[in-house]
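Engineer: Here you go, structure_23.cif (mmCIF, C-alpha atoms):
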data_final
loop_
_atom_site.group_PDB
_atom_site.id
_atom_site.type_symbol
_atom_site.label_atom_id
_atom_site.label_comp_id
_atom_site.auth_asym_id
_atom_site.auth_seq_id
_atom_site.Cartn_x
_atom_site.Cartn_y
_atom_site.Cartn_z
ATOM 1 C CA MET A 23 96.361 92.407 73.263
ATOM 2 C CA ALA A 24 98.864 94.705 74.923
ATOM 3 C CA VAL A 25 98.540 98.391 74.178
ATOM 4 C CA SER A 26 100.125 101.473 75.680
ATOM 5 C CA ILE A 27 98.404 103.301 78.526
ATOM 6 C CA LYS A 28 98.189 106.405 76.316
ATOM 7 C CA LEU A 29 96.327 104.598 73.575
ATOM 8 C CA CYS A 30 94.209 102.596 75.963
ATOM 9 C CA LEU A 31 92.833 105.610 77.772
ATOM 10 C CA ALA A 32 92.113 107.470 74.562
ATOM 11 C CA VAL A 33 89.875 104.876 72.970
ATOM 12 C CA SER A 34 86.142 104.602 73.358
ATOM 13 C CA CYS A 35 84.447 102.815 76.236
ATOM 14 C CA ALA A 36 83.488 100.009 73.894
ATOM 15 C CA LEU A 37 87.123 99.285 73.156
ATOM 16 C CA VAL A 38 88.172 99.729 76.773
ATOM 17 C CA LEU A 39 85.805 96.931 77.731
ATOM 18 C CA ALA A 40 88.118 94.482 76.046
ATOM 19 C CA THR A 41 91.416 96.114 76.904
ATOM 20 C CA ALA A 42 93.683 96.054 79.937
ATOM 21 C CA CYS A 43 95.383 99.329 80.925
ATOM 22 C CA HIS A 44 98.323 99.470 83.308
ATOM 23 C CA GLY A 45 97.074 96.200 84.734
ATOM 24 C CA LEU A 46 93.581 97.731 84.930
ATOM 25 C CA GLN A 47 90.547 96.442 83.097
ATOM 26 C CA VAL A 48 86.909 97.426 82.761
ATOM 27 C CA GLY A 49 84.770 94.656 84.230
ATOM 28 C CA TYR A 50 87.704 93.422 86.324
ATOM 29 C CA TYR A 51 85.369 91.905 88.950
ATOM 30 C CA ARG A 52 82.908 90.463 86.436
ATOM 31 C CA THR A 53 83.615 86.885 87.500
ATOM 32 C CA THR A 54 85.136 87.248 90.986
ATOM 33 C CA CYS A 55 82.575 89.688 92.402
ATOM 34 C CA PRO A 56 79.875 90.475 89.832
ATOM 35 C CA ARG A 57 77.933 92.848 92.093
ATOM 36 C CA ALA A 58 80.942 94.859 93.262
ATOM 37 C CA GLU A 59 80.322 98.004 91.237
ATOM 38 C CA ALA A 60 76.574 97.935 91.866
ATOM 39 C CA LEU A 61 77.143 97.639 95.620
ATOM 40 C CA VAL A 62 79.511 100.623 95.630
ATOM 41 C CA ARG A 63 77.092 102.620 93.473
ATOM 42 C CA ALA A 64 74.234 101.941 95.884
ATOM 43 C CA GLU A 65 76.187 103.338 98.840
ATOM 44 C CA VAL A 66 77.315 106.392 96.882
ATOM 45 C CA LYS A 67 73.787 107.053 95.659
ATOM 46 C CA LYS A 68 72.422 106.843 99.191
ATOM 47 C CA ALA A 69 75.061 109.266 100.498
ATOM 48 C CA VAL A 70 74.750 111.790 97.662
ATOM 49 C CA ARG A 71 70.967 111.876 97.957
ATOM 50 C CA ALA A 72 71.333 112.694 101.648
ATOM 51 C CA ASN A 73 74.096 115.251 101.110
ATOM 52 C CA PRO A 74 75.434 116.240 97.657
ATOM 53 C CA GLY A 75 78.542 117.640 99.335
ATOM 54 C CA VAL A 76 79.659 114.111 100.154
ATOM 55 C CA GLY A 77 79.701 113.372 96.425
ATOM 56 C CA ALA A 78 82.010 116.313 95.877
ATOM 57 C CA GLY A 79 84.199 114.887 98.640
ATOM 58 C CA LEU A 80 84.398 111.510 96.914
ATOM 59 C CA ILE A 81 85.589 113.077 93.656
ATOM 60 C CA ARG A 82 88.169 115.072 95.571
ATOM 61 C CA MET A 83 89.196 111.953 97.488
ATOM 62 C CA LEU A 84 90.162 110.179 94.262
ATOM 63 C CA PHE A 85 92.307 113.151 93.237
ATOM 64 C CA HIS A 86 93.984 113.401 96.644
ATOM 65 C CA ASP A 87 94.597 109.658 96.751
ATOM 66 C CA CYS A 88 96.074 109.343 93.278
ATOM 67 C CA PHE A 89 98.390 112.350 93.423
ATOM 68 C CA VAL A 90 100.300 111.253 96.519
ATOM 69 C CA GLU A 91 101.163 107.528 96.506
ATOM 70 C CA GLY A 92 99.266 106.691 93.360
ATOM 71 C CA CYS A 93 95.704 105.373 93.294
ATOM 72 C CA ASP A 94 96.187 102.947 96.169
ATOM 73 C CA ALA A 95 93.761 104.059 98.919
ATOM 74 C CA SER A 96 96.649 105.354 101.029
ATOM 75 C CA VAL A 97 94.500 108.385 101.845
ATOM 76 C CA LEU A 98 92.112 106.116 103.771
ATOM 77 C CA LEU A 99 94.593 104.818 106.351
ATOM 78 C CA ASP A 100 94.008 105.855 109.953
ATOM 79 C CA PRO A 101 96.806 106.905 112.319
ATOM 80 C CA THR A 102 98.450 104.085 114.267
ATOM 81 C CA GLN A 103 101.267 103.816 116.796
ATOM 82 C CA THR A 104 103.683 102.923 114.021
ATOM 83 C CA ASN A 105 102.349 105.630 111.669
ATOM 84 C CA PRO A 106 100.783 108.476 113.684
ATOM 85 C CA GLN A 107 100.692 110.899 110.727
ATOM 86 C CA PRO A 108 99.099 109.290 107.629
ATOM 87 C CA GLU A 109 97.906 111.223 104.590
ATOM 88 C CA LYS A 110 94.421 111.870 105.926
ATOM 89 C CA LEU A 111 95.967 114.070 108.640
ATOM 90 C CA GLY A 112 97.935 116.158 106.133
ATOM 91 C CA ALA A 113 96.928 119.819 105.847
ATOM 92 C CA PRO A 114 95.272 119.418 102.416
ATOM 93 C CA ASN A 115 93.047 116.634 103.815
ATOM 94 C CA ASN A 116 92.371 117.499 107.422
ATOM 95 C CA PRO A 117 89.674 118.476 108.251
ATOM 96 C CA SER A 118 88.314 119.152 104.759
ATOM 97 C CA LEU A 119 88.356 115.733 103.048
ATOM 98 C CA ARG A 120 84.988 113.985 103.215
ATOM 99 C CA GLY A 121 83.406 110.679 102.297
ATOM 100 C CA PHE A 122 85.391 108.190 104.377
ATOM 101 C CA GLU A 123 82.209 106.731 105.878
ATOM 102 C CA VAL A 124 80.833 106.075 102.375
ATOM 103 C CA ILE A 125 83.941 104.084 101.472
ATOM 104 C CA ASP A 126 83.598 102.149 104.741
ATOM 105 C CA ALA A 127 79.983 101.286 103.925
ATOM 106 C CA ALA A 128 80.849 100.238 100.374
ATOM 107 C CA LYS A 129 83.729 98.090 101.607
ATOM 108 C CA ALA A 130 81.467 96.401 104.155
ATOM 109 C CA ALA A 131 78.958 95.615 101.416
ATOM 110 C CA VAL A 132 81.490 94.107 99.019
ATOM 111 C CA GLU A 133 83.238 92.195 101.799
ATOM 112 C CA LYS A 134 79.926 90.621 102.748
ATOM 113 C CA ALA A 135 79.329 89.607 99.124
ATOM 114 C CA CYS A 136 82.907 88.691 98.155
ATOM 115 C CA PRO A 137 85.344 88.536 101.081
ATOM 116 C CA GLY A 138 88.927 89.551 100.344
ATOM 117 C CA THR A 139 88.304 90.281 96.670
ATOM 118 C CA VAL A 140 87.727 94.001 96.032
ATOM 119 C CA SER A 141 90.437 96.519 96.889
ATOM 120 C CA CYS A 142 89.763 99.773 98.681
ATOM 121 C CA ALA A 143 91.615 101.563 95.892
ATOM 122 C CA ASP A 144 89.094 100.316 93.351
ATOM 123 C CA ILE A 145 86.231 101.304 95.640
ATOM 124 C CA VAL A 146 87.588 104.863 95.790
ATOM 125 C CA ALA A 147 87.820 104.926 91.989
ATOM 126 C CA PHE A 148 84.295 103.542 91.543
ATOM 127 C CA ALA A 149 82.939 106.014 94.097
ATOM 128 C CA GLY A 150 84.559 108.962 92.300
ATOM 129 C CA ARG A 151 83.006 107.796 89.056
ATOM 130 C CA ASP A 152 79.563 107.257 90.576
ATOM 131 C CA ALA A 153 79.576 110.616 92.362
ATOM 132 C CA SER A 154 80.469 112.302 89.060
ATOM 133 C CA TYR A 155 77.563 110.568 87.337
ATOM 134 C CA LEU A 156 75.047 111.494 90.015
ATOM 135 C CA LEU A 157 76.141 115.105 90.488
ATOM 136 C CA SER A 158 76.219 115.741 86.745
ATOM 137 C CA HIS A 159 72.698 114.322 86.335
ATOM 138 C CA ALA A 160 74.121 111.462 84.259
ATOM 139 C CA LYS A 161 76.031 113.759 81.872
ATOM 140 C CA VAL A 162 79.414 112.478 83.098
ATOM 141 C CA SER A 163 79.159 108.773 82.342
ATOM 142 C CA PHE A 164 82.064 106.387 81.868
ATOM 143 C CA HIS A 165 83.480 102.960 82.599
ATOM 144 C CA MET A 166 86.157 102.841 85.294
ATOM 145 C CA PRO A 167 88.890 100.220 84.782
ATOM 146 C CA ALA A 168 89.796 98.288 87.941
ATOM 147 C CA GLY A 169 92.447 95.963 89.299
ATOM 148 C CA ARG A 170 94.299 98.292 91.690
ATOM 149 C CA LEU A 171 95.820 97.001 94.898
ATOM 150 C CA ASP A 172 95.952 98.859 98.208
ATOM 151 C CA GLY A 173 99.184 100.495 99.281
ATOM 152 C CA ARG A 174 100.928 100.212 102.634
ATOM 153 C CA LYS A 175 102.652 103.617 102.820
ATOM 154 C CA SER A 176 100.856 106.794 103.865
ATOM 155 C CA LEU A 177 102.608 109.947 105.106
ATOM 156 C CA ALA A 178 101.000 113.296 105.894
ATOM 157 C CA SER A 179 104.155 115.108 104.778
ATOM 158 C CA ASP A 180 103.739 113.756 101.241
ATOM 159 C CA THR A 181 100.441 115.569 100.788
ATOM 160 C CA LEU A 182 102.149 118.958 100.829
ATOM 161 C CA THR A 183 104.786 117.700 98.405
ATOM 162 C CA PHE A 184 102.481 116.350 95.720
ATOM 163 C CA LEU A 185 99.074 118.025 96.012
ATOM 164 C CA PRO A 186 98.805 121.433 94.317
ATOM 165 C CA GLY A 187 97.110 123.886 96.658
ATOM 166 C CA PRO A 188 94.426 126.538 96.171
ATOM 167 C CA SER A 189 97.049 129.292 95.993
ATOM 168 C CA SER A 190 99.044 127.582 93.215
ATOM 169 C CA ASN A 191 99.890 129.534 90.086
ATOM 170 C CA LEU A 192 99.546 128.012 86.636
ATOM 171 C CA SER A 193 103.171 126.941 86.413
ATOM 172 C CA SER A 194 102.920 125.031 89.687
ATOM 173 C CA LEU A 195 99.687 123.361 88.600
ATOM 174 C CA VAL A 196 101.119 122.275 85.258
ATOM 175 C CA SER A 197 104.277 120.928 86.917
ATOM 176 C CA ALA A 198 102.323 118.957 89.532
ATOM 177 C CA PHE A 199 100.112 117.373 86.883
ATOM 178 C CA ALA A 200 103.010 116.693 84.514
ATOM 179 C CA ALA A 201 104.814 114.843 87.315
ATOM 180 C CA LYS A 202 101.873 112.432 87.316
ATOM 181 C CA GLY A 203 101.757 112.044 83.559
ATOM 182 C CA LEU A 204 98.841 114.421 83.041
ATOM 183 C CA SER A 205 98.607 117.207 80.484
ATOM 184 C CA VAL A 206 97.881 120.927 80.567
ATOM 185 C CA GLU A 207 94.408 120.163 79.283
ATOM 186 C CA ASP A 208 93.931 117.748 82.183
ATOM 187 C CA VAL A 209 94.730 120.642 84.552
ATOM 188 C CA VAL A 210 91.946 122.713 83.021
ATOM 189 C CA VAL A 211 89.451 119.873 82.678
ATOM 190 C CA LEU A 212 89.871 118.412 86.164
ATOM 191 C CA SER A 213 89.716 121.879 87.726
ATOM 192 C CA GLY A 214 86.073 121.793 86.664
ATOM 193 C CA ALA A 215 85.389 119.644 89.722
ATOM 194 C CA HIS A 216 85.388 122.971 91.578
ATOM 195 C CA SER A 217 81.862 123.429 90.236
ATOM 196 C CA ILE A 218 80.673 121.471 93.272
ATOM 197 C CA GLY A 219 81.517 121.254 96.930
ATOM 198 C CA ARG A 220 82.468 123.706 99.615
ATOM 199 C CA SER A 221 85.697 125.281 100.782
ATOM 200 C CA HIS A 222 86.947 126.481 104.138
ATOM 201 C CA CYS A 223 87.460 130.230 104.223
ATOM 202 C CA SER A 224 91.092 129.694 105.230
ATOM 203 C CA SER A 225 91.789 128.281 101.760
ATOM 204 C CA PHE A 226 91.299 131.629 100.050
ATOM 205 C CA VAL A 227 90.792 134.583 102.422
ATOM 206 C CA GLN A 228 94.434 135.644 102.592
ATOM 207 C CA THR A 229 95.170 135.286 98.889
ATOM 208 C CA ARG A 230 91.851 136.430 97.404
ATOM 209 C CA LEU A 231 90.202 138.790 99.890
ATOM 210 C CA THR A 232 92.939 140.285 102.046
ATOM 211 C CA SER A 233 95.571 140.549 99.315
ATOM 212 C CA PRO A 234 94.905 142.326 96.006
ATOM 213 C CA SER A 235 93.243 139.982 93.510
ATOM 214 C CA ASP A 236 91.022 140.028 90.440
ATOM 215 C CA ILE A 237 88.016 138.480 92.189
ATOM 216 C CA ALA A 238 84.717 140.050 91.135
ATOM 217 C CA THR A 239 83.558 142.726 93.576
ATOM 218 C CA PRO A 240 80.065 141.246 94.204
ATOM 219 C CA LEU A 241 81.562 137.853 95.087
ATOM 220 C CA ALA A 242 84.239 139.431 97.267
ATOM 221 C CA THR A 243 81.560 141.388 99.129
ATOM 222 C CA LEU A 244 79.505 138.238 99.698
ATOM 223 C CA LEU A 245 82.513 136.240 100.881
ATOM 224 C CA ARG A 246 83.571 138.941 103.339
ATOM 225 C CA LYS A 247 80.151 138.580 104.953
ATOM 226 C CA GLN A 248 80.535 134.806 105.191
ATOM 227 C CA CYS A 249 84.194 134.534 106.191
ATOM 228 C CA PRO A 250 86.184 136.007 109.101
ATOM 229 C CA ALA A 251 89.103 138.228 108.101
ATOM 230 C CA ASN A 252 91.452 135.862 109.924
ATOM 231 C CA PRO A 253 90.078 132.318 109.974
ATOM 232 C CA THR A 254 91.198 130.090 112.823
ATOM 233 C CA THR A 255 90.777 126.410 113.620
ATOM 234 C CA GLY A 256 87.767 127.285 115.755
ATOM 235 C CA ASN A 257 86.309 129.796 113.312
ATOM 236 C CA ASP A 258 86.716 128.637 109.731
ATOM 237 C CA PRO A 259 83.323 128.432 107.998
ATOM 238 C CA THR A 260 82.741 126.787 104.625
ATOM 239 C CA VAL A 261 81.247 128.407 101.538
ATOM 240 C CA SER A 262 80.067 127.071 98.184
ATOM 241 C CA GLU A 263 82.750 126.879 95.520
ATOM 242 C CA ASP A 264 80.154 127.644 92.834
ATOM 243 C CA VAL A 265 77.480 130.117 93.924
ATOM 244 C CA VAL A 266 75.465 129.641 90.719
ATOM 245 C CA SER A 267 74.958 125.841 90.658
ATOM 246 C CA PRO A 268 76.557 124.581 93.890
ATOM 247 C CA HIS A 269 75.212 121.023 93.702
ATOM 248 C CA ALA A 270 75.737 120.339 89.991
ATOM 249 C CA LEU A 271 78.884 119.029 88.339
ATOM 250 C CA ASP A 272 78.710 121.128 85.179
ATOM 251 C CA ASN A 273 80.539 123.644 83.015
ATOM 252 C CA GLN A 274 79.270 126.610 85.065
ATOM 253 C CA TYR A 275 82.708 126.611 86.692
ATOM 254 C CA TYR A 276 84.283 127.876 83.462
ATOM 255 C CA LYS A 277 81.719 130.640 83.162
ATOM 256 C CA ASN A 278 82.603 131.591 86.720
ATOM 257 C CA VAL A 279 86.313 131.650 85.872
ATOM 258 C CA LEU A 280 85.648 134.018 82.971
ATOM 259 C CA ALA A 281 83.490 136.229 85.200
ATOM 260 C CA ARG A 282 86.192 136.287 87.929
ATOM 261 C CA LYS A 283 83.748 134.612 90.301
ATOM 262 C CA VAL A 284 85.979 131.835 91.635
ATOM 263 C CA LEU A 285 87.438 131.268 95.082
ATOM 264 C CA PHE A 286 90.974 130.111 94.494
ATOM 265 C CA THR A 287 94.105 131.603 92.995
ATOM 266 C CA SER A 288 94.508 128.271 91.173
ATOM 267 C CA ASP A 289 91.127 128.810 89.490
ATOM 268 C CA ALA A 290 91.892 132.359 88.395
ATOM 269 C CA ALA A 291 95.315 131.193 87.159
ATOM 270 C CA LEU A 292 93.674 129.302 84.290
ATOM 271 C CA LEU A 293 93.285 132.667 82.521
ATOM 272 C CA SER A 294 96.945 133.590 82.932
ATOM 273 C CA ALA A 295 98.138 131.913 79.720
ATOM 274 C CA PRO A 296 96.600 132.056 76.233
ATOM 275 C CA ASN A 297 96.331 128.284 75.773
ATOM 276 C CA THR A 298 94.576 127.566 79.068
ATOM 277 C CA ALA A 299 92.351 130.636 78.707
ATOM 278 C CA ARG A 300 91.295 129.320 75.312
ATOM 279 C CA MET A 301 90.389 125.958 76.896
ATOM 280 C CA VAL A 302 88.363 127.724 79.595
ATOM 281 C CA ARG A 303 86.377 129.642 76.979
ATOM 282 C CA ALA A 304 85.709 126.463 74.988
ATOM 283 C CA ASN A 305 84.535 124.560 78.061
ATOM 284 C CA ALA A 306 82.260 127.437 79.030
ATOM 285 C CA ARG A 307 80.775 127.746 75.559
ATOM 286 C CA PHE A 308 80.085 124.215 74.362
ATOM 287 C CA ALA A 309 77.471 122.377 76.420
ATOM 288 C CA GLY A 310 78.269 118.695 76.868
ATOM 289 C CA SER A 311 81.838 118.941 75.619
ATOM 290 C CA TRP A 312 83.484 119.402 79.013
ATOM 291 C CA GLU A 313 81.601 116.460 80.536
ATOM 292 C CA LYS A 314 83.091 114.079 77.963
ATOM 293 C CA LYS A 315 86.584 115.480 78.571
ATOM 294 C CA PHE A 316 86.133 115.189 82.326
ATOM 295 C CA ALA A 317 85.157 111.523 82.038
ATOM 296 C CA LYS A 318 88.320 110.694 80.068
ATOM 297 C CA ALA A 319 90.509 112.740 82.416
ATOM 298 C CA MET A 320 89.106 110.915 85.444
ATOM 299 C CA VAL A 321 90.105 107.575 83.923
ATOM 300 C CA ARG A 322 93.603 108.871 83.167
ATOM 301 C CA MET A 323 93.984 110.221 86.694
ATOM 302 C CA ALA A 324 92.718 106.969 88.213
ATOM 303 C CA ALA A 325 95.563 105.082 86.502
ATOM 304 C CA ILE A 326 98.352 107.006 88.279
ATOM 305 C CA GLY A 327 100.841 104.906 90.229
ATOM 306 C CA VAL A 328 98.717 101.765 90.346
ATOM 307 C CA LYS A 329 99.975 99.074 92.734
ATOM 308 C CA THR A 330 100.078 95.508 91.443
ATOM 309 C CA GLY A 331 101.617 92.217 92.545
ATOM 310 C CA ARG A 332 103.773 92.398 95.668
ATOM 311 C CA ASP A 333 103.537 96.200 95.747
ATOM 312 C CA GLY A 334 100.094 96.050 97.297
ATOM 313 C CA GLU A 335 97.367 94.047 98.979
ATOM 314 C CA ILE A 336 93.598 93.857 99.328
ATOM 315 C CA ARG A 337 92.875 95.295 102.748
ATOM 316 C CA ARG A 338 90.304 93.725 104.994
ATOM 317 C CA SER A 339 89.599 97.182 106.453
ATOM 318 C CA CYS A 340 90.195 100.268 104.326
ATOM 319 C CA ARG A 341 91.490 102.110 107.395
ATOM 320 C CA LEU A 342 94.273 99.643 108.253
ATOM 321 C CA VAL A 343 96.943 97.690 106.419
ATOM 322 C CA ASN A 344 96.591 93.935 106.797
#
Please lay out the structure from this file as structure tokens.
Structural biologist:
Amino acid sequence: MAVSIKLCLAVSCALVLATACHGLQVGYYRTTCPRAEALVRAEVKKAVRANPGVGAGLIRMLFHDCFVEGCDASVLLDPTQTNPQPEKLGAPNNPSLRGFEVIDAAKAAVEKACPGTVSCADIVAFAGRDASYLLSHAKVSFHMPAGRLDGRKSLASDTLTFLPGPSSNLSSLVSAFAAKGLSVEDVVVLSGAHSIGRSHCSSFVQTRLTSPSDIATPLATLLRKQCPANPTTGNDPTVSEDVVSPHALDNQYYKNVLARKVLFTSDAALLSAPNTARMVRANARFAGSWEKKFAKAMVRMAAIGVKTGRDGEIRRSCRLVN
């Protein structure tokens, strides 16, 4: 039965199992490659156990993929003679985006089991879901619809056009999300991914430490010890985005926002309007509530700009178009 994408993504997982969304469907590979999701999960689990930061990178990878050309694995494409500047070399991705080797390993596993069947775009979506589950200690749990095809276009210049940066104000964040069909609440909820991972000092030193800001004095003092006053390509250390629970995907992020203990201008901006500040307080206060919202928002985000039919392909290698 055909339903709208808005309705489809709002219903429970039980209903989603039987429903197609934007050409996407939970259990899409049930008959063509039954082990696909399990194979991806195994590679993600192995990587996250070895280094939780890679899991944070996989969640971020889904966001950075979907916001540029849609969820089509365009962020995975390597530079070639015909396209020397793909998305992965754009400033928001290079050198900070992580997890490419995990996607390669997952693709190799599914290709061995089911050649030419599972798209790289779906692998990125599954990996983002699985990393969320593992880093949240199973509190973020959801089904991820599949059926995406891989895109053929990837331009570094597009990353600066579509990806909101760490110095974005609230208006810029809301506009960037709205352009992708996402709500103000999605801005607040998905920002919670900043409860894990690390950031290069260059992403916040100028706007949060050198310039006047509302960052809490103890955090500012700590960061000034960890970061150079003028980060360069050769001297740009990384620091934890959440100093309280750096390896857990949880609602501690919202407590940090309220305490002014966040790295980015975009984080602090969530308190700059009454409606978003109210959402921050609610997410900080009610244990378990944010995790459910995050799961639904991830599914909505993973449905942006999906390629189907002649618009895409199933790549043999995630790094190259066929």
Engineer: Given the file above and the PyMOL selection byres ((chain A and resi 83-100) around 6), which residues are selected, and can you give them as a list in words?
Structural biologist: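 Against this file, the PyMOL selection byres ((chain A and resi 83-100) around 6) returns the residues Gly79, Leu80, Ile81, Arg82, Pro101, Glu109, Lys110, Cys142, Ala143, Asp172, Gly173, Ser176, Phe184, Ile326, Gly327, Val328, Arg341 and Leu342 of chain A.
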Engineer: Find the residues around His269 of chain A up to 7 Å (all atoms listed in the file counted), leave out those fewer than 4 positions away in its own chain, and share them as a PyMOL selection string.
Structural biologist: chain A and resi 74+157+218
Engineer: Between atom CA of Val76 of chain A and atom CA of Gly121 of chain A, what is the distance, to one decimal in Å?
Structural biologist: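 Taking atom CA of Val76 of chain A and atom CA of Gly121 of chain A, their separation equals 5.5 Å.
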Engineer: Taking the file as I've supplied it (selection: the PyMOL selection byres ((chain A and resi 188) around 7)), which residues are included? Please answer as JSON, numbers by chain.
Structural biologist: {"A": [186, 187, 189, 190, 225, 286, 287, 288]}
Engineer: Residues within 10 Å of Ala58 of chain A, please, as an MDAnalysis selection string. Count all atoms listed in the file; anything in the same chain fewer than 2 positions from it doesn't count.
Structural biologist: chainID A and resid 49:52 54:56 60:63 128:129 131:133 135:136 139:140 144:145 148
Engineer: Pick from A:Val66, A:Ala319, A:Val343, A:Ala304: nearest to Phe199 of chain A, with all atoms listed in the file counted?
Structural biologist: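 Looking only at the distances to Phe199 of chain A, the closest residue turns out to be A:Ala319.
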Engineer: If you measure from atom CA of Gly112 of chain A to atom CA of Thr181 of chain A, what distance in Å do you get, rounded to one decimal?
Structural biologist: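 Here the two named atoms are 5.9 Å from each other.
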